[in-house]
Amino acid sequence: MANTDAIIGWKTITFGCHVMEPGSSVKFRTGDWRSQRPVIDNEKCNKCGICWIYCPDMACIQTEDGFFEIDLEYCKGCGICAHECPKNAITIVPEEG
Amino acid sequence: MAKRVGIEVSIALAEAVKLANVDVIPAYPITPQTHIVEHLSEVVANGEVDAEFVPVESEHAAMSCCCGSSAAGARTFTSSSSQGLLLMSEILFIPGPMRFPIVMAVVNRALSAPISIWNDHQDIMSQRDIGWIQTFADTGQEAFDLMLHAFRVAEDRRVSLPMIVNIDGFTLSHVVEAVELLSQEEVDQYLPPFKPRYRLDTRKPITMGPVGMPEVYSEARVAHNEALKASRRVILQGWKEFADLFGRQYNPVETYRSEDAEVLLVTMGSISETAMTAIDTMRDKGQKAGLVKIRLWRPFPGPEFRKAAGKAKILAVVDRCLAPGAVCGPVGAELRSLFYKVPGSPKIFNFIAGLGGRDVTVGRFEEMVDKATAFAKKRPKELYEVIGVREK
């Protein structure tokens, strides 16, 4: 993505359409087109971290108590975490509304 | 000091690249471009120029490597022809919008099928819209001079676009001509070191080549097109300063005995030399014929062409490319668009000539001028004619 926040014209677009700022992909919230989301059942979770390892968007975040939360700004709802979870602690539910 | 030598045009062109102190040459050999890259690999191996010669595995890799080295800030050159240019095609569209000033010599050759190693312009016309600046050389001296001009213009920070110098395969690339080779001091005077506006640098990271979503794609493409159109000023300045230093003036459109001409031949590339002889022959017979040569093909020099065409009533436009199923050849179509509904514009007739190495002789040019003159009185059925093609 060149830049989706600002409205850019051909005179103001960056030279060569380069992205001049490093690490700017964090500004691109890949979660906003998600159609389903993971829900973690901490009763079943053994904190193994397999979801954290497999998540392609680094959207599984470990909290202080060792369990995992999903960062819904970046989670695309791909379901890999649910597929890989050895304890079947993650279910994929449709996004509503 | 410059020295005038008898030299094969391919070698003269490669010498220009050496004198330009090129940094990276990713290249793959193909007839009739071979002598250029062979000579460059020799001069690199001999240590005559401090450059990296990358013997890539294909033309697709050659152009990909060019993009990488240009992005890193290296002065980059490659060369190709025909099928090799087509294998590059996917990558050829990329350095324009990404503003990589790669310089390439395209040694024009026909396309398969049937297989032909000989000259016409079908290879470059198939890549017409790649968004590079493109010039055509008529002679060995022009090939040498335009090569230096290409580095100068492409790398100018106001331009920063890739640039092609077209030379005709064999009829120009393989002939020995008298060429005035400039000295290193003279070239250094004309061509400053390459200082890119942006380059890949781990100390100052940027992203080149991001996805262009529908919200920005049009703007990115228009920005490139506007940069290409605006390069015109720097192209002209580059030629003027070349003339100031070395005495040879180049123009986007050149004319030969065109003043007071009623019929103008329009050519690109080395057949222009034969066309000049044809004009002399016709003038001796009292025919008011002249010649307009297009040197700068992209960005197309519309105002200069209109001026060069002057008050001529008829244009006989020669294309070295048959565009199957099209209304006419690419140069013919360009000029018909340029003059569409312009008051007092000339009648335009399009001839396809010299395909796959077929000679275009003085007689053929006379035939084109005579036919165009006749067509102006009686409109032909077709919008173009393939000259000299046998029916049976």
# chains A, B, ... in the order shown; residues from 1 in each chain; ligands from 1

call {"tool": "closest_atom_pairs", "arguments": {"of": "chain A", "to": "chain B", "cutoff": "6 Å", "atoms": "only C-alpha atoms", "output": "tab-separated table"}}
result
residue	atom	partner	partner_atom	distance
A:Met1	CA	B:Val211	CA	5.0
A:Gly9	CA	B:Glu219	CA	5.8
A:Trp10	CA	B:Glu219	CA	4.3
A:Gly16	CA	B:Met98	CA	4.2
A:His18	CA	B:Met208	CA	4.7
A:Val19	CA	B:Thr207	CA	4.8
A:Met20	CA	B:Ile206	CA	4.8
A:Glu21	CA	B:Ile206	CA	5.9
A:Pro22	CA	B:Ile206	CA	5.6

call {"tool": "write_last_selection", "arguments": {"atoms": "N, CA and C atoms", "output": "mmCIF file, in the first residue's frame"}}
result
data_model
loop_
_atom_site.group_PDB
_atom_site.id
_atom_site.type_symbol
_atom_site.label_atom_id
_atom_site.label_comp_id
_atom_site.auth_asym_id
_atom_site.auth_seq_id
_atom_site.Cartn_x
_atom_site.Cartn_y
_atom_site.Cartn_z
ATOM 1 N N MET A 1 0.840 -1.204 0.000
ATOM 2 C CA MET A 1 0.000 0.000 0.000
ATOM 3 C C MET A 1 0.869 1.245 0.000
ATOM 4 N N GLY A 9 -2.853 13.055 -4.934
ATOM 5 C CA GLY A 9 -2.995 13.344 -6.357
ATOM 6 C C GLY A 9 -1.711 12.970 -7.076
ATOM 7 N N TRP A 10 -1.730 13.023 -8.422
ATOM 8 C CA TRP A 10 -0.513 12.612 -9.147
ATOM 9 C C TRP A 10 0.640 13.569 -8.900
ATOM 10 N N GLY A 16 8.294 7.878 -7.659
ATOM 11 C CA GLY A 16 8.363 6.452 -7.975
ATOM 12 C C GLY A 16 7.385 5.598 -7.185
ATOM 13 N N HIS A 18 7.389 5.331 -4.131
ATOM 14 C CA HIS A 18 8.133 4.714 -3.036
ATOM 15 C C HIS A 18 7.427 5.015 -1.703
ATOM 16 N N VAL A 19 7.580 4.106 -0.754
ATOM 17 C CA VAL A 19 7.125 4.363 0.619
ATOM 18 C C VAL A 19 8.359 4.817 1.392
ATOM 19 N N MET A 20 8.360 6.083 1.796
ATOM 20 C CA MET A 20 9.574 6.699 2.320
ATOM 21 C C MET A 20 9.829 6.399 3.801
ATOM 22 N N GLU A 21 8.794 5.819 4.458
ATOM 23 C CA GLU A 21 8.907 5.604 5.904
ATOM 24 C C GLU A 21 9.021 4.099 6.173
ATOM 25 N N PRO A 22 10.065 3.665 6.874
ATOM 26 C CA PRO A 22 10.180 2.229 7.138
ATOM 27 C C PRO A 22 9.148 1.747 8.153
#

call {"tool": "residues_around", "arguments": {"residues": "Pro56 of chain A", "least_positions_apart": "3", "cutoff": "12 Å", "atoms": "only C-alpha atoms", "output": "PyMOL selection string"}}
result
chain A and resi 30+50-53+59-60+74-81

call {"tool": "atom_distance", "arguments": {"atom1": "atom CA of Met104 of chain B", "atom2": "atom CA of Phe77 of chain B"}}
result
5.6 Å

call {"tool": "residues_around", "arguments": {"residues": "Phe68 of chain A", "least_positions_apart": "2", "cutoff": "9 Å", "atoms": "only C-alpha atoms", "output": "PyMOL selection string"}}
result
chain A and resi 40+42+45+47+49+51-52+60-63+65-66+70

call {"tool": "residues_around", "arguments": {"residues": "Pro252 of chain B", "least_positions_apart": "3", "cutoff": "8 Å", "atoms": "only C-alpha atoms", "output": "list in words"}}
result
Leu236, Ile294, Arg295, Leu296, Pro301 and Glu304 of chain B

call {"tool": "write_last_selection", "arguments": {"atoms": "C-alpha atoms", "output": "short mmCIF file (atom, residue, chain, number, x, y, z; two decimals), in the first residue's frame"}}
result
data_model
loop_
_atom_site.label_atom_id
_atom_site.label_comp_id
_atom_site.auth_asym_id
_atom_site.auth_seq_id
_atom_site.Cartn_x
_atom_site.Cartn_y
_atom_site.Cartn_z
CA LEU B 236 16.55 19.12 -25.64
CA ILE B 294 11.78 11.10 -36.25
CA ARG B 295 14.70 10.85 -33.82
CA LEU B 296 12.74 11.09 -30.57
CA PRO B 301 7.59 15.41 -30.21
CA GLU B 304 8.30 19.73 -33.46
#

call {"tool": "atom_distance", "arguments": {"atom1": "atom CA of Val342 of chain B", "atom2": "atom CA of Ile314 of chain B"}}
result
14.1 Å

call {"tool": "atom_distance", "arguments": {"atom1": "atom CA of Leu172 of chain B", "atom2": "atom CA of Phe144 of chain B"}}
result
11.8 Å
